[in-house]
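**Q** The structure under discussion is supplied below as structure tokens; questions concerning it will follow.
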Amino acid sequence: MANCTVRKVLVDTGSSVNLIMLKTIENMGFSEKNLQKKTIPLVGFSGETANSLGEIVIPTYTGGVNKQVRYLVIDGPSTYNVILRRPWLHLMKTVPSIYHKCVKFPTPWGVKTIRGDQEEARGCCKKALKCTAIPPA
């Protein structure tokens, strides 16, 4: 993304916006000045809400294909740096497989497959569970 390698990317087939964390865009050399101001309330799985800080379009290179991808920027703790959702899946014409932990999409050179890193996914899951655990009283 924007000439930077980004790790800890979640592909989520059920949500309607691509998300990127503020800390991630700052690490890429962008600032809040680069954002188009757009405050959108986002509702999490457990009903909590957060407002986006704005949106940004970042060139995103995936498996030989470079696309301009629109992201909503949010600030807060997250296990992931980027969450790619239905807009990206549609833009890339992907076929996601949860069972095989991969996405496939067409390129000028044939079908490209990107596989998830099982060990990294376990680490993210453990970190997420620690973040949401309620401390004992």
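Order determines the names: the first chain of the structure tokens is A, the second B, and so forth; residues in each chain are numbered 1 upward, and ligands are numbered 1 upward as they are shown.
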With only C-alpha atoms as the counted atoms, please give the residues lying no more than 10 Å from region 89-96 of chain A, apart from itself and same-chain residues fewer than 6 positions off, as JSON, numbers by chain.
**A** {"A": [11, 12, 13, 18, 62, 65, 66, 67, 68, 69, 102, 103, 104, 105, 106, 107, 111, 112, 113, 114]}
**Q** Please dump the current selection as a PDB file, in the first residue's frame; keep N, CA, C and O atoms.
**A**
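Writing the result to result.pdb gives the following:
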ATOM      1  N   VAL A  11      -9.336  -9.916   5.906  1.00  0.00           N
ATOM      2  CA  VAL A  11     -10.319  -9.889   4.826  1.00  0.00           C
ATOM      3  C   VAL A  11     -11.644 -10.318   5.437  1.00  0.00           C
ATOM      4  O   VAL A  11     -11.792 -11.436   5.908  1.00  0.00           O
ATOM      5  N   ASP A  12     -12.601  -9.392   5.453  1.00  0.00           N
ATOM      6  CA  ASP A  12     -13.895  -9.599   6.094  1.00  0.00           C
ATOM      7  C   ASP A  12     -14.974  -9.534   5.020  1.00  0.00           C
ATOM      8  O   ASP A  12     -15.191  -8.493   4.416  1.00  0.00           O
ATOM      9  N   THR A  13     -15.644 -10.648   4.781  1.00  0.00           N
ATOM     10  CA  THR A  13     -16.632 -10.711   3.702  1.00  0.00           C
ATOM     11  C   THR A  13     -17.994 -10.138   4.080  1.00  0.00           C
ATOM     12  O   THR A  13     -18.852  -9.990   3.225  1.00  0.00           O
ATOM     13  N   ASN A  18     -14.097  -0.544   3.773  1.00  0.00           N
ATOM     14  CA  ASN A  18     -12.703  -0.874   4.048  1.00  0.00           C
ATOM     15  C   ASN A  18     -12.214   0.051   5.153  1.00  0.00           C
ATOM     16  O   ASN A  18     -12.489   1.255   5.126  1.00  0.00           O
ATOM     17  N   THR A  62      -1.793  -5.642  -4.797  1.00  0.00           N
ATOM     18  CA  THR A  62      -2.093  -6.978  -4.296  1.00  0.00           C
ATOM     19  C   THR A  62      -1.872  -7.985  -5.406  1.00  0.00           C
ATOM     20  O   THR A  62      -2.568  -7.946  -6.419  1.00  0.00           O
ATOM     21  N   VAL A  65      -1.626  -6.709  -8.947  1.00  0.00           N
ATOM     22  CA  VAL A  65      -2.690  -5.797  -9.391  1.00  0.00           C
ATOM     23  C   VAL A  65      -2.677  -4.568  -8.491  1.00  0.00           C
ATOM     24  O   VAL A  65      -2.723  -4.680  -7.265  1.00  0.00           O
ATOM     25  N   ASN A  66      -2.632  -3.395  -9.111  1.00  0.00           N
ATOM     26  CA  ASN A  66      -2.618  -2.141  -8.364  1.00  0.00           C
ATOM     27  C   ASN A  66      -3.960  -1.447  -8.544  1.00  0.00           C
ATOM     28  O   ASN A  66      -4.364  -1.169  -9.669  1.00  0.00           O
ATOM     29  N   LYS A  67      -4.657  -1.175  -7.463  1.00  0.00           N
ATOM     30  CA  LYS A  67      -5.968  -0.512  -7.500  1.00  0.00           C
ATOM     31  C   LYS A  67      -5.974   0.653  -6.514  1.00  0.00           C
ATOM     32  O   LYS A  67      -5.310   0.614  -5.474  1.00  0.00           O
ATOM     33  N   GLN A  68      -6.748   1.676  -6.843  1.00  0.00           N
ATOM     34  CA  GLN A  68      -6.978   2.786  -5.923  1.00  0.00           C
ATOM     35  C   GLN A  68      -8.117   2.373  -4.994  1.00  0.00           C
ATOM     36  O   GLN A  68      -9.238   2.173  -5.450  1.00  0.00           O
ATOM     37  N   VAL A  69      -7.818   2.226  -3.722  1.00  0.00           N
ATOM     38  CA  VAL A  69      -8.806   1.723  -2.770  1.00  0.00           C
ATOM     39  C   VAL A  69      -9.153   2.821  -1.772  1.00  0.00           C
ATOM     40  O   VAL A  69      -8.281   3.480  -1.215  1.00  0.00           O
ATOM     41  N   CYS A 102      -8.064 -18.374   1.958  1.00  0.00           N
ATOM     42  CA  CYS A 102      -7.413 -17.711   0.829  1.00  0.00           C
ATOM     43  C   CYS A 102      -8.426 -16.881   0.052  1.00  0.00           C
ATOM     44  O   CYS A 102      -9.631 -17.005   0.264  1.00  0.00           O
ATOM     45  N   VAL A 103      -7.904 -16.016  -0.799  1.00  0.00           N
ATOM     46  CA  VAL A 103      -8.722 -15.323  -1.785  1.00  0.00           C
ATOM     47  C   VAL A 103      -8.080 -15.558  -3.147  1.00  0.00           C
ATOM     48  O   VAL A 103      -6.862 -15.647  -3.267  1.00  0.00           O
ATOM     49  N   LYS A 104      -8.920 -15.680  -4.151  1.00  0.00           N
ATOM     50  CA  LYS A 104      -8.454 -15.830  -5.531  1.00  0.00           C
ATOM     51  C   LYS A 104      -9.055 -14.698  -6.348  1.00  0.00           C
ATOM     52  O   LYS A 104     -10.207 -14.315  -6.116  1.00  0.00           O
ATOM     53  N   PHE A 105      -8.272 -14.184  -7.293  1.00  0.00           N
ATOM     54  CA  PHE A 105      -8.769 -13.113  -8.145  1.00  0.00           C
ATOM     55  C   PHE A 105      -8.025 -13.141  -9.477  1.00  0.00           C
ATOM     56  O   PHE A 105      -6.900 -13.624  -9.566  1.00  0.00           O
ATOM     57  N   PRO A 106      -8.693 -12.623 -10.521  1.00  0.00           N
ATOM     58  CA  PRO A 106      -8.060 -12.638 -11.840  1.00  0.00           C
ATOM     59  C   PRO A 106      -7.002 -11.546 -11.961  1.00  0.00           C
ATOM     60  O   PRO A 106      -7.133 -10.458 -11.394  1.00  0.00           O
ATOM     61  N   THR A 107      -5.941 -11.855 -12.699  1.00  0.00           N
ATOM     62  CA  THR A 107      -4.911 -10.884 -13.062  1.00  0.00           C
ATOM     63  C   THR A 107      -4.653 -11.050 -14.555  1.00  0.00           C
ATOM     64  O   THR A 107      -5.107 -12.035 -15.155  1.00  0.00           O
ATOM     65  N   VAL A 111      -5.038 -16.511 -12.699  1.00  0.00           N
ATOM     66  CA  VAL A 111      -5.673 -16.382 -11.389  1.00  0.00           C
ATOM     67  C   VAL A 111      -4.601 -16.388 -10.303  1.00  0.00           C
ATOM     68  O   VAL A 111      -3.724 -17.248 -10.273  1.00  0.00           O
ATOM     69  N   LYS A 112      -4.656 -15.415  -9.425  1.00  0.00           N
ATOM     70  CA  LYS A 112      -3.711 -15.295  -8.308  1.00  0.00           C
ATOM     71  C   LYS A 112      -4.401 -15.760  -7.036  1.00  0.00           C
ATOM     72  O   LYS A 112      -5.566 -15.450  -6.795  1.00  0.00           O
ATOM     73  N   THR A 113      -3.685 -16.508  -6.217  1.00  0.00           N
ATOM     74  CA  THR A 113      -4.191 -16.965  -4.925  1.00  0.00           C
ATOM     75  C   THR A 113      -3.327 -16.362  -3.827  1.00  0.00           C
ATOM     76  O   THR A 113      -2.101 -16.462  -3.876  1.00  0.00           O
ATOM     77  N   ILE A 114      -3.966 -15.765  -2.844  1.00  0.00           N
ATOM     78  CA  ILE A 114      -3.259 -15.267  -1.668  1.00  0.00           C
ATOM     79  C   ILE A 114      -3.788 -16.042  -0.472  1.00  0.00           C
ATOM     80  O   ILE A 114      -4.989 -16.079  -0.225  1.00  0.00           O
TER      81      ILE A 114
END
**Q** Please give the complete set of residues from region 17-96 of chain A that DSSP, run on the backbone, assigns to strand (DSSP E or B), formatted as JSON, numbers by chain.
**A** {"A": [19, 20, 21, 36, 41, 42, 43, 49, 50, 51, 54, 55, 56, 57, 58, 59, 60, 61, 62, 65, 66, 67, 68, 69, 70, 71, 72, 73, 74, 82, 83, 84, 95, 96]}
**Q** Taking only C-alpha atoms into account, name the residue in A:Leu53, A:Val9, A:Met1, A:Leu19 that is nearest to Arg70 (chain A).
**A**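 Once distances to Arg70 (chain A) are computed over only C-alpha atoms, the minimum belongs to A:Leu19.
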**Q** Please list as a PyMOL selection string every residue within 7 Å of Leu10 (chain A), counting only C-alpha atoms and excluding residues in the same chain fewer than 2 positions away.
**A** chain A and resi 8+12+80+82-84
**Q** Those same residues - N, CA and C atoms - I'd like them written as a short mmCIF file (atom, residue, chain, number, x, y, z; two decimals), in the first residue's frame.
**A**
data_model
loop_
_atom_site.label_atom_id
_atom_site.label_comp_id
_atom_site.auth_asym_id
_atom_site.auth_seq_id
_atom_site.Cartn_x
_atom_site.Cartn_y
_atom_site.Cartn_z
N LYS A 8 -0.78 -7.85 8.96
CA LYS A 8 -1.97 -7.91 9.80
C LYS A 8 -3.17 -7.27 9.11
N ASP A 12 -12.60 -9.39 5.45
CA ASP A 12 -13.90 -9.60 6.09
C ASP A 12 -14.97 -9.53 5.02
N TYR A 80 -5.67 -5.50 13.96
CA TYR A 80 -5.32 -5.44 12.53
C TYR A 80 -4.97 -4.02 12.13
N VAL A 82 -5.31 -3.12 8.74
CA VAL A 82 -6.26 -2.85 7.66
C VAL A 82 -7.32 -3.94 7.69
N ILE A 83 -8.56 -3.55 7.43
CA ILE A 83 -9.63 -4.53 7.27
C ILE A 83 -10.23 -4.31 5.89
N LEU A 84 -10.01 -5.28 5.01
CA LEU A 84 -10.53 -5.22 3.65
C LEU A 84 -11.89 -5.90 3.63
#
**Q** From the set A:Phe30, A:Asp75, A:Lys126, A:Trp88, which residue has the shortest atom-to-atom contact distance to Tyr61 (chain A), counting only C-alpha atoms?
**A**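 Closest to Tyr61 (chain A), using only C-alpha atoms: A:Trp88.
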**Q** Could you check how far CA of Glu120 (chain A) sits from CA of Thr5 (chain A), in Å to one decimal?
**A**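 Straight-line distance from CA of Glu120 (chain A) to CA of Thr5 (chain A) works out to 15.4 Å.
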**Q** Using only C-alpha atoms, which residues sit within 12 Å of Lys33 (chain A) once same-chain residues fewer than 6 positions away are excluded, as a ChimeraX atom specification?
**A** /A:22,25-26,53-56
